[in-house]
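Novice: Dropping the structure in here first, questions after.
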Amino acid sequence: MDTVFLNIDAIVYDMKRDIWYEEGYQEAIKIQVLNVVLESNPEIPLNIVRAMVLKKRYNMAYSKRLKDIIRHEREKTLIFKIY
């Protein structure tokens with residue numbers, strides 16, 4: 001499921017067929033790592049805050065890719081504050 005920002009959100013229920021599509025969610029829970037599925041998102045800072053909450057709530061780790069996105073967003077914010 002490549003339509004959500006975080007892998008833990010990759011879960012859908014098809015009511016007509018009574019089927020769960022939850023591979024991304026199950027993998028996130030199994031390996032205890034939050035990862036980015038779809039980086040193209042207009043609300044990156046909001047998704048980072050959500051990742052922080054989920055990390056703490058479920059005692060998960062960040063993937064390297066998510067760490068890189070967090071660093072990049074932080075650097076953008078620091079640069080903006082300097083000027």
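Labels used: A, B, ... for chains in the order of the structure tokens, numbers from 1 for residues in each chain, and numbers from 1 for ligands as shown.
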Please give the complete set of residues from chain A that DSSP, run on the backbone, assigns to helix (DSSP H, G or I), formatted as a count of residues only.

Specialist: 46

Novice: Residues near Leu54 in chain A, anyone? I mean within 12 Å using only C-alpha atoms, not counting same-chain ones fewer than 5 positions away, as JSON, numbers by chain.

Specialist: {"A": [6, 7, 8, 9, 28, 29, 32, 33, 34, 35, 47, 48, 49, 59, 60, 61, 62]}

Novice: What would the file look like if the residues just selected were written as an mmCIF file, in the first residue's frame with N, CA, C and O atoms?

Specialist:
data_model
loop_
_atom_site.group_PDB
_atom_site.id
_atom_site.type_symbol
_atom_site.label_atom_id
_atom_site.label_comp_id
_atom_site.auth_asym_id
_atom_site.auth_seq_id
_atom_site.Cartn_x
_atom_site.Cartn_y
_atom_site.Cartn_z
ATOM 1 N N LEU A 6 3.499 6.784 6.375
ATOM 2 C CA LEU A 6 4.183 5.818 7.233
ATOM 3 C C LEU A 6 3.708 4.389 6.994
ATOM 4 O O LEU A 6 2.516 4.151 6.750
ATOM 5 N N ASN A 7 4.615 3.450 7.135
ATOM 6 C CA ASN A 7 4.276 2.037 6.944
ATOM 7 C C ASN A 7 3.219 1.549 7.939
ATOM 8 O O ASN A 7 2.411 0.688 7.620
ATOM 9 N N ILE A 8 3.196 2.108 9.135
ATOM 10 C CA ILE A 8 2.232 1.658 10.143
ATOM 11 C C ILE A 8 0.789 2.037 9.755
ATOM 12 O O ILE A 8 -0.165 1.483 10.262
ATOM 13 N N ASP A 9 0.644 2.974 8.819
ATOM 14 C CA ASP A 9 -0.678 3.388 8.348
ATOM 15 C C ASP A 9 -1.156 2.560 7.157
ATOM 16 O O ASP A 9 -2.266 2.765 6.668
ATOM 17 N N ALA A 28 5.473 -3.442 9.851
ATOM 18 C CA ALA A 28 5.923 -2.386 10.770
ATOM 19 C C ALA A 28 5.879 -2.862 12.213
ATOM 20 O O ALA A 28 6.822 -2.652 12.982
ATOM 21 N N ILE A 29 4.805 -3.522 12.581
ATOM 22 C CA ILE A 29 4.658 -4.023 13.948
ATOM 23 C C ILE A 29 5.679 -5.132 14.222
ATOM 24 O O ILE A 29 6.305 -5.170 15.284
ATOM 25 N N GLN A 32 9.175 -3.521 14.295
ATOM 26 C CA GLN A 32 9.208 -2.385 15.227
ATOM 27 C C GLN A 32 9.991 -1.187 14.679
ATOM 28 O O GLN A 32 10.739 -0.524 15.395
ATOM 29 N N VAL A 33 9.790 -0.923 13.362
ATOM 30 C CA VAL A 33 10.470 0.197 12.723
ATOM 31 C C VAL A 33 9.452 1.016 11.939
ATOM 32 O O VAL A 33 8.698 0.470 11.133
ATOM 33 N N LEU A 34 9.463 2.319 12.185
ATOM 34 C CA LEU A 34 8.644 3.245 11.403
ATOM 35 C C LEU A 34 9.424 3.631 10.159
ATOM 36 O O LEU A 34 10.576 4.063 10.250
ATOM 37 N N ASN A 35 8.795 3.475 9.009
ATOM 38 C CA ASN A 35 9.457 3.788 7.754
ATOM 39 C C ASN A 35 8.522 4.613 6.881
ATOM 40 O O ASN A 35 7.312 4.589 7.057
ATOM 41 N N ASN A 47 3.453 14.871 9.650
ATOM 42 C CA ASN A 47 3.741 13.434 9.662
ATOM 43 C C ASN A 47 4.934 13.109 10.550
ATOM 44 O O ASN A 47 4.978 12.035 11.159
ATOM 45 N N ILE A 48 5.889 14.015 10.643
ATOM 46 C CA ILE A 48 7.033 13.804 11.539
ATOM 47 C C ILE A 48 6.565 13.822 12.991
ATOM 48 O O ILE A 48 6.977 12.967 13.789
ATOM 49 N N VAL A 49 5.700 14.764 13.325
ATOM 50 C CA VAL A 49 5.162 14.810 14.691
ATOM 51 C C VAL A 49 4.406 13.523 14.989
ATOM 52 O O VAL A 49 4.554 12.926 16.058
ATOM 53 N N ASN A 59 6.970 2.100 21.162
ATOM 54 C CA ASN A 59 8.365 1.747 21.402
ATOM 55 C C ASN A 59 9.038 1.240 20.117
ATOM 56 O O ASN A 59 9.640 0.160 20.090
ATOM 57 N N MET A 60 8.916 2.041 19.063
ATOM 58 C CA MET A 60 9.467 1.671 17.761
ATOM 59 C C MET A 60 10.709 2.505 17.469
ATOM 60 O O MET A 60 10.996 3.475 18.161
ATOM 61 N N ALA A 61 11.430 2.127 16.438
ATOM 62 C CA ALA A 61 12.602 2.870 15.981
ATOM 63 C C ALA A 61 12.265 3.555 14.660
ATOM 64 O O ALA A 61 11.293 3.202 13.995
ATOM 65 N N TYR A 62 13.077 4.531 14.284
ATOM 66 C CA TYR A 62 12.955 5.178 12.975
ATOM 67 C C TYR A 62 13.851 4.458 11.979
ATOM 68 O O TYR A 62 14.980 4.085 12.312
#

Novice: Name all residues at most 8 Å from Glu73 in chain A (count only C-alpha atoms; drop same-chain ones fewer than 4 positions away) and give them as a list in words.

Specialist: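 Near neighbours after the sequence-gap exclusion: Pro45, Ile69 and Thr77 of chain A.
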
Novice: Save the residues we just selected, C-alpha atoms, as a PDB file, in the first residue's frame?

Specialist:
ATOM      1  CA  PRO A  45       6.141  18.283   9.429  1.00  0.00           C
ATOM      2  CA  ILE A  69      13.671  13.230   6.333  1.00  0.00           C
ATOM      3  CA  THR A  77      13.617  25.122   9.843  1.00  0.00           C
TER       4      THR A  77
END

Novice: Given the choices A:Leu46, A:Glu23, A:Tyr58, A:Ala51, which gets closest to Ile11 in chain A if the distance is worked out from only C-alpha atoms?

Specialist: A:Glu23

Novice: Separation of CA of Glu75 in chain A and CA of Gly24 in chain A, in Å?

Specialist: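 CA of Gly24 in chain A lies at a distance of 29.2 Å from CA of Glu75 in chain A.
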
Novice: Which residue is closest to Asp68 in chain A? Choose from A:Pro42, A:Glu27, A:Lys55, A:Val36 and count only C-alpha atoms.

Specialist: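 For Asp68 in chain A, the nearest of the candidates is A:Val36.
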
Novice: Pick out the residues sitting within 8 Å of Thr3 in chain A, and hand them over as a ChimeraX atom specification; count only C-alpha atoms, and ignore anything fewer than 5 positions along from it in its own chain.

Specialist: /A:10,37-38

Novice: Filtering to C-alpha atoms, could you give me those residues as a short mmCIF file (atom, residue, chain, number, x, y, z; two decimals), in the first residue's frame?

Specialist:
data_model
loop_
_atom_site.label_atom_id
_atom_site.label_comp_id
_atom_site.auth_asym_id
_atom_site.auth_seq_id
_atom_site.Cartn_x
_atom_site.Cartn_y
_atom_site.Cartn_z
CA ALA A 10 -0.65 0.87 5.50
CA VAL A 37 6.16 4.51 2.31
CA LEU A 38 5.21 7.59 0.28
#

Novice: Name the residues of chain A that fall into strand (DSSP E) according to DSSP on the backbone, using the chain letters and numbers of this document, as a list in words.

Specialist: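 Secondary structure check on chain A, strand (DSSP E): Val12, Tyr13, Asp14, Ile19, Trp20, Tyr21, Val33, Leu34, Ala61 and Tyr62 of chain A.
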
Novice: Store the residues of this selection in a file with N, CA, C and O atoms, as a PDB file, in the first residue's frame.

Specialist:
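This went into selection17.pdb:
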ATOM      1  N   VAL A  12      -5.893  -1.327   5.163  1.00  0.00           N
ATOM      2  CA  VAL A  12      -7.182  -0.987   4.567  1.00  0.00           C
ATOM      3  C   VAL A  12      -8.120  -2.175   4.729  1.00  0.00           C
ATOM      4  O   VAL A  12      -7.699  -3.329   4.628  1.00  0.00           O
ATOM      5  N   TYR A  13      -9.384  -1.872   4.955  1.00  0.00           N
ATOM      6  CA  TYR A  13     -10.405  -2.918   5.036  1.00  0.00           C
ATOM      7  C   TYR A  13     -11.373  -2.761   3.872  1.00  0.00           C
ATOM      8  O   TYR A  13     -11.940  -1.694   3.665  1.00  0.00           O
ATOM      9  N   ASP A  14     -11.547  -3.824   3.097  1.00  0.00           N
ATOM     10  CA  ASP A  14     -12.496  -3.845   1.987  1.00  0.00           C
ATOM     11  C   ASP A  14     -13.800  -4.426   2.519  1.00  0.00           C
ATOM     12  O   ASP A  14     -13.916  -5.640   2.740  1.00  0.00           O
ATOM     13  N   ILE A  19     -12.179  -8.206   3.482  1.00  0.00           N
ATOM     14  CA  ILE A  19     -10.759  -8.537   3.407  1.00  0.00           C
ATOM     15  C   ILE A  19      -9.945  -7.378   3.984  1.00  0.00           C
ATOM     16  O   ILE A  19     -10.209  -6.214   3.695  1.00  0.00           O
ATOM     17  N   TRP A  20      -8.957  -7.728   4.803  1.00  0.00           N
ATOM     18  CA  TRP A  20      -7.994  -6.750   5.304  1.00  0.00           C
ATOM     19  C   TRP A  20      -6.762  -6.782   4.415  1.00  0.00           C
ATOM     20  O   TRP A  20      -6.238  -7.851   4.103  1.00  0.00           O
ATOM     21  N   TYR A  21      -6.274  -5.603   4.027  1.00  0.00           N
ATOM     22  CA  TYR A  21      -4.996  -5.464   3.335  1.00  0.00           C
ATOM     23  C   TYR A  21      -4.070  -4.788   4.347  1.00  0.00           C
ATOM     24  O   TYR A  21      -4.150  -3.589   4.574  1.00  0.00           O
ATOM     25  N   VAL A  33       9.790  -0.923  13.362  1.00  0.00           N
ATOM     26  CA  VAL A  33      10.470   0.197  12.723  1.00  0.00           C
ATOM     27  C   VAL A  33       9.452   1.016  11.939  1.00  0.00           C
ATOM     28  O   VAL A  33       8.698   0.470  11.133  1.00  0.00           O
ATOM     29  N   LEU A  34       9.463   2.319  12.185  1.00  0.00           N
ATOM     30  CA  LEU A  34       8.644   3.245  11.403  1.00  0.00           C
ATOM     31  C   LEU A  34       9.424   3.631  10.159  1.00  0.00           C
ATOM     32  O   LEU A  34      10.576   4.063  10.250  1.00  0.00           O
ATOM     33  N   ALA A  61      11.430   2.127  16.438  1.00  0.00           N
ATOM     34  CA  ALA A  61      12.602   2.870  15.981  1.00  0.00           C
ATOM     35  C   ALA A  61      12.265   3.555  14.660  1.00  0.00           C
ATOM     36  O   ALA A  61      11.293   3.202  13.995  1.00  0.00           O
ATOM     37  N   TYR A  62      13.077   4.531  14.284  1.00  0.00           N
ATOM     38  CA  TYR A  62      12.955   5.178  12.975  1.00  0.00           C
ATOM     39  C   TYR A  62      13.851   4.458  11.979  1.00  0.00           C
ATOM     40  O   TYR A  62      14.980   4.085  12.312  1.00  0.00           O
TER      41      TYR A  62
END

Novice: Kindly give the distance, in Å, that separates CA of Gln26 in chain A and CA of Val4 in chain A, rounded to a single decimal.

Specialist: 14.6 Å

Novice: Find the distance between CA of Ile44 in chain A and CA of Lys56 in chain A and write it in Å to one decimal.

Specialist: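 Spanning CA of Ile44 in chain A to CA of Lys56 in chain A is a straight-line distance of 18.5 Å.
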